[in-house]
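Note sheet for the following structure.
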Amino acid sequence: MKFIDEYRDAGAARRYAEAIARATTRPWTIMEVCGGQTHAIIKFGVDDLLPPALTLVHGPGCPVCVTPVEMLDKAIEIASRPEVIFCSFGDMLRVPGSSRDLLAVKATGGDVRIVYSPLDAVKIARAHPDRQVVFFAVGFETTAPANALAVVQAGRQGLANFSVLVSHVLVPPAMEAILASPGNRVQGFLAAGHVCTVMGTAEYEPIAKRYRVPIVVTGFEPVDILQGLYLCVRQLEEGRAEVENQYARSVRREGNPAAVQLIRRVFRVCPRKWRGIGEIPQSGLTLAEEYAAFDAEHRFGVADRTTEESPDCRSGLVLQGVMKPPECPAFGTRCTPEHPLGATMVSSEGACAAYYRYRRSAQPHEPLPATEP
Amino acid sequence: MEATPDFSLSCPIPIDDYPHVLLAHGGGGTLMHQLIERMFLPAFRNPFLEARHDGAVLAPDGVRLAFTTDAYVVRPLCFPGGDIGSLAVNGTVNDLAMCGARPLYLSAAFILEEGLAMETLWRIVQSMRRAADAAGVQLVTGDTKVVDRGKGDGIFITTAGIGLISHHLTIAPASVRPGDAILLSGDIGRHGIAIMAVREGLEFEARIESDCAPLADLVGSLLRAGLEVHCLRDLTRGGLASALNEIAGAAHLGVSIDEGSIPVREDVRGACEILGFDPLYVANEGRFVCILPTGDAERALRIMRADPLGAGACLIGRVTEDASGLVTMRSRIGVSRVLDMLSGEQLPRIC
């Protein structure tokens with residue numbers, strides 16, 4: 001498959017791993033921001049190829065993982081109402097709220113549906129004028145344009161029975177929060193390739209400058225990640241702190257202007273709570289004044305709900321790169337993918353789930369003997 | 001056999017984690033296994049169930065028979081490459097084949113929803129007849145029920161089957177030995193993606209057809225050749241990864257496979273990338289793994305490749321001494337990792 005196979009090539013991966021080892025003369029700690037990158041690193045075993053001096057920490061870039069418990073409780077409350085068809089991306093359904101998840105709502109009679117695109121939820125709203133259709137608009141800058149488009153379309157079609165429960169988050173403020181925290185150990189970043197495909201790379205330049213950190217915009221295949229790490233290590237070793245673009249086959253400096261314009265039209269920046277981390281100023285998106293009528297929080301009167309998070313779950317430390325998942329006392333015992341305490345154990349992009357699925361006592365592997373093709 | 005935790009004395013309902021059945025309890029992953037291990041197995045415990053195989057091997061009066069049953073619920077009822085009728089015949093035929101049996105007789109029970117188009121039912125019945133003819137089985141008994149509109153999904157079919165075993169092998173996870181070769185009969189993931197593509201309105205350059213097919217002839221060829229087959233398993237719900245985990249867990253041995261050796265068609269890979277699915281967990285209806293001594297592997301591959309249903313057969317890995325029952329896989333970039341069973345069904349990712 002073009003643009004996939006060449007980035008999963010064992011020879012290329014080895015060559016980059018060797019180049020990284022040669023370039024690394026001191027210990028460095030690099031954070032991959034995006035959950036998709038975390039998943040690929042653990043799934044393909046990219047970190048096994050790295051020199052011991054290089055430490056990877058897994059960032060807060062999994063939209064499922066950072067959606068706060070109270071937002072899930074709001075979703076669960078809305079989805080439980082008999083007049084509501086609640087539409088969501090698939091992996092939000094298993095994320096635990098404070099007492100249950102959306103799958104449990106579905107099992108007890110709630111009309112909860114998985115959609116692949118927010119535009120499908122608009123179609124459902126048109127087909128069911130007698131029902132309230134709510135779309136759970138979560139995610140980073142990557143999913144924001146399509147979610148914005150759904151709101152614009154619903155507005156154009158005059159769909160009074162459509163609304164969105166918005167829990168959008170933004171990457172750059174989270175990176176700044178990590179860099180500004182007293183316990184920070186991150187010295188360089190692999191920035192999230194798909195977020196930058198939408199937003200471009202310019203907004204990372206002041207961060208690289210202010211905090212003196214290299215930021216390498218990176219893709220999601222093993223060779224992408226190794227290439228990104230190589231560029232990042234070289235910057236660190238040479239004392240540079242620039243924004244570099246490894247993922248040039250998808251990312252341009254200006255991003256996707258049409259998508260950015262759409263986001264700016266439908267949403268406005270707001271403070272947002274992050275699960276396990278707390279509130280980060282100017283780190284979220286909420287509906288702009290013009291589209292406030294589509295806000296499910298107000299339509300269903302749940303805007304003022306707040307929920308305290310489970311003290312057992314250390315996902316906040318994991319998301320900030322302070323703790324590795326297996327270091328958590330609940331990991332693999334009280335917290336498993338069947339019974340997650342926190343969302344990092346739910347999503348396939350969550351660091352805890354990735355470690356649980358791919359890293360429990362893997363045995364050394366003997367290569368297969370050659371057979372006839 | 002591993003002792004299951006003793007809960008029945010103090011707990012009236014053995015599964016208290018979930019007060020209600022979730023869809024994931026039928027997804028072929030760990031939740032479904034909990035249901036089987038904690039509720040069904042203890043309630044009906046006997047040596048046949050304990051073998052944890054696709055069917056039971058019975059020997060009344062010295063005649064060895066395989067007996068199995070399976071329920072079929074699928075939406076849409078008709079999909080590229082098959083329909084619920086051919087699925088209901090082939091699925092049960094394949095479960096018998098995985099016991100090393102020659103399938104002979106099937107039963108079929110139909111639960112029909114009020115309002116189902118008679119035309120649709122006729123198409124499905126005709127498809128079942130063709131599938132039964134192709135697999136050389138007769139449908140010898142059946143039942144029909146109709147439920148109120150809205151209480152069913154058009155049609156549910158349950159089939160049971162009986163097959164004759166005319167060899168002396170014990171084909172089951174318990175026969176698997178360290179060092180055994182693991183053969184896969186061809187490319188994986190087509191059935192699951194064919195269904196998803198119709199269900200979700202995804203369109204690809206070429207239509208992806210289900211691999212739904214009867215495997216009894218191919219298995220028969222392997223057995224007639226006198227190969228020492230240790231275990232067979234068709235890859236249905238939960239895909240290759242779940243099947244290997246089931247075998248490794250039941251055999252108390254490790255399984256080690258090589259990702260690069262597992263064939264996945266380009267269009268299926270593309271669809272999986274779009275949906276955020278791993279083809280190793282996607283359903284199949286015409287693929288199986290065959291576990292047998294390494295010395296027999298080359299001959300088995302030649303036999304499989306001579307049959308159109310096994311044309312893409314290949315060696316994907318080995319059984320290891322590791323008593324943990326873990327499946328490990330060498331990734332494309334050469335690093336080993338655990339290949340776990342999923343909790344329930346794969347859920348499409350956000351981005």
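Ordered as shown in the structure tokens, chains take letters A, B, and onward, while each chain numbers its residues from 1 and ligands are numbered from 1 in the order shown.
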Mind the document's chain letters and residue numbers, and return as a PyMOL selection string the residues of stretch 86-310 of chain B that DSSP labels helix (DSSP H, G or I). chain B and resi 86-98+118-135+173-175+190-200+216-224+239-251+259-261+266-275+279-281+294-305+308-310
Please identify all residues of chain A having at least one atom at most 9 Å from any atom of chain B, considering only C-alpha atoms, and return them as a VMD selection string. chain A and resid 1 8 to 14 36 42 to 46 48 to 49 63 to 64 89 to 93 103 to 104 106 to 108 114 to 116 138 to 139 142 to 143 194 222 to 223 337 to 339 347 to 349 356 to 368 371 to 373
Writer output for current selection, C-alpha atoms, as a CSV table (one decimal), in the first residue's frame:
```
chain,number,residue,atom,x,y,z
A,1,MET,CA,0.0,0.0,0.0
A,8,ARG,CA,6.8,0.1,7.7
A,9,ASP,CA,10.0,-1.2,6.1
A,10,ALA,CA,12.2,-3.1,8.4
A,11,GLY,CA,15.4,-2.1,6.6
A,12,ALA,CA,14.6,1.6,6.7
A,13,ALA,CA,13.6,1.3,10.3
A,14,ARG,CA,16.9,-0.3,11.2
A,36,GLY,CA,-1.8,7.6,17.4
A,42,ILE,CA,4.1,0.3,21.2
A,43,LYS,CA,2.4,-1.8,18.5
A,44,PHE,CA,5.5,-1.9,16.2
A,45,GLY,CA,8.0,-1.9,19.1
A,46,VAL,CA,9.7,1.3,17.9
A,48,ASP,CA,12.9,-1.3,21.4
A,49,LEU,CA,15.0,-0.1,18.5
A,63,PRO,CA,-8.9,12.7,22.5
A,64,VAL,CA,-10.7,9.8,24.2
A,89,PHE,CA,-17.4,8.0,17.4
A,90,GLY,CA,-17.0,4.3,18.4
A,91,ASP,CA,-14.2,4.5,20.9
A,92,MET,CA,-16.0,7.0,23.2
A,93,LEU,CA,-18.6,4.3,24.0
A,103,LEU,CA,-22.4,1.1,26.1
A,104,ALA,CA,-24.2,0.4,29.3
A,106,LYS,CA,-27.3,1.4,25.1
A,107,ALA,CA,-27.7,-2.0,26.9
A,108,THR,CA,-30.4,-0.5,29.1
A,114,ILE,CA,-21.8,4.7,16.3
A,115,VAL,CA,-21.2,7.0,13.4
A,116,TYR,CA,-18.1,7.4,11.2
A,138,VAL,CA,-14.8,15.4,20.8
A,139,GLY,CA,-11.3,15.5,19.5
A,142,THR,CA,-8.1,17.1,13.5
A,143,THR,CA,-11.9,16.3,14.0
A,194,HIS,CA,-2.6,15.2,11.5
A,222,PRO,CA,7.2,3.4,12.4
A,223,VAL,CA,9.7,4.9,9.9
A,337,PRO,CA,-9.4,-2.8,29.3
A,338,GLU,CA,-12.5,-4.7,30.6
A,339,HIS,CA,-12.7,-2.5,33.7
A,347,SER,CA,-8.9,3.9,23.7
A,348,SER,CA,-6.6,2.0,21.4
A,349,GLU,CA,-4.6,5.3,21.4
A,356,TYR,CA,-1.6,-3.6,28.4
A,357,ARG,CA,-2.2,-5.0,24.9
A,358,TYR,CA,1.3,-5.2,23.6
A,359,ARG,CA,3.7,-5.3,26.5
A,360,ARG,CA,2.8,-7.9,29.1
A,361,SER,CA,5.8,-10.2,29.4
A,362,ALA,CA,6.5,-10.5,25.7
A,363,GLN,CA,8.9,-13.4,25.2
A,364,PRO,CA,12.0,-13.0,23.0
A,365,HIS,CA,11.1,-14.1,19.5
A,366,GLU,CA,12.9,-16.6,17.4
A,367,PRO,CA,12.9,-15.8,13.7
A,368,LEU,CA,11.0,-18.1,11.4
A,371,THR,CA,10.1,-21.6,3.7
A,372,GLU,CA,9.2,-21.7,0.0
A,373,PRO,CA,7.2,-18.7,-0.9
```
Need the shell around B:Val198: protein/DNA/RNA residues with any atom at most 12 Å away, counting only C-alpha atoms. Skip same-chain ones fewer than 2 positions apart. Format as JSON, numbers by chain? {"B": [74, 75, 76, 77, 78, 79, 80, 81, 191, 192, 193, 194, 195, 196, 200, 201, 202, 203, 204, 207, 208, 209, 210]}
Expected file contents, prior selection, C-alpha atoms, as an mmCIF file, in the first residue's frame:
```cif
data_model
loop_
_atom_site.group_PDB
_atom_site.id
_atom_site.type_symbol
_atom_site.label_atom_id
_atom_site.label_comp_id
_atom_site.auth_asym_id
_atom_site.auth_seq_id
_atom_site.Cartn_x
_atom_site.Cartn_y
_atom_site.Cartn_z
ATOM 1 C CA VAL B 74 -26.047 -10.665 10.451
ATOM 2 C CA ARG B 75 -26.941 -7.263 9.098
ATOM 3 C CA PRO B 76 -27.272 -6.846 6.128
ATOM 4 C CA LEU B 77 -28.876 -10.224 5.360
ATOM 5 C CA CYS B 78 -27.238 -10.255 1.914
ATOM 6 C CA PHE B 79 -23.673 -9.045 1.400
ATOM 7 C CA PRO B 80 -21.067 -9.333 -1.363
ATOM 8 C CA GLY B 81 -19.984 -12.963 -1.534
ATOM 9 C CA HIS B 191 -15.664 -11.208 5.449
ATOM 10 C CA GLY B 192 -15.624 -8.573 8.176
ATOM 11 C CA ILE B 193 -14.682 -5.773 5.793
ATOM 12 C CA ALA B 194 -17.263 -6.873 3.163
ATOM 13 C CA ILE B 195 -19.976 -6.600 5.843
ATOM 14 C CA MET B 196 -18.663 -3.277 7.185
ATOM 15 C CA GLU B 200 -21.449 1.754 6.517
ATOM 16 C CA GLY B 201 -21.778 2.589 2.822
ATOM 17 C CA LEU B 202 -18.003 2.550 2.256
ATOM 18 C CA GLU B 203 -16.994 2.190 -1.367
ATOM 19 C CA PHE B 204 -13.699 0.892 -2.656
ATOM 20 C CA ARG B 207 -15.938 -4.681 -4.376
ATOM 21 C CA ILE B 208 -14.608 -6.662 -1.415
ATOM 22 C CA GLU B 209 -16.376 -10.024 -1.256
ATOM 23 C CA SER B 210 -16.751 -12.201 1.816
#
```
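If only C-alpha atoms are the atoms counted, then among B:Leu139, B:Ala101, B:Leu87, B:Val289 the closest residue to B:Leu164 is B:Ala101.
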Show which residues sit within 9 Å of B:Val219, as a short mmCIF file (atom, residue, chain, number, x, y, z; two decimals) with N, CA and C atoms, in the first residue's frame. Count only C-alpha atoms, and ignore same-chain residues fewer than 5 positions away.
```
data_model
loop_
_atom_site.label_atom_id
_atom_site.label_comp_id
_atom_site.auth_asym_id
_atom_site.auth_seq_id
_atom_site.Cartn_x
_atom_site.Cartn_y
_atom_site.Cartn_z
N ALA B 97 -15.87 -29.48 10.23
CA ALA B 97 -14.58 -29.74 9.58
C ALA B 97 -13.43 -29.51 10.55
N MET B 98 -13.56 -28.52 11.44
CA MET B 98 -12.48 -28.21 12.38
C MET B 98 -12.35 -29.30 13.45
N GLY B 100 -12.31 -32.27 12.37
CA GLY B 100 -11.78 -33.34 11.53
C GLY B 100 -12.87 -34.26 11.02
N ALA B 101 -14.12 -33.78 10.99
CA ALA B 101 -15.24 -34.63 10.60
C ALA B 101 -15.69 -34.34 9.17
N ARG B 102 -16.31 -35.34 8.55
CA ARG B 102 -16.97 -35.13 7.26
C ARG B 102 -18.42 -34.75 7.57
N ARG B 224 -6.84 -37.20 4.68
CA ARG B 224 -6.66 -38.39 3.84
C ARG B 224 -5.20 -38.60 3.49
N LEU B 232 -7.20 -27.74 14.46
CA LEU B 232 -7.74 -26.92 13.38
C LEU B 232 -8.67 -25.91 14.01
N MET B 304 -2.81 -27.88 0.63
CA MET B 304 -3.71 -26.73 0.78
C MET B 304 -3.68 -25.85 -0.47
#
```
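When atom CA of A:Pro257 is paired with atom CA of A:Val243, their separation reads 19.4 Å.
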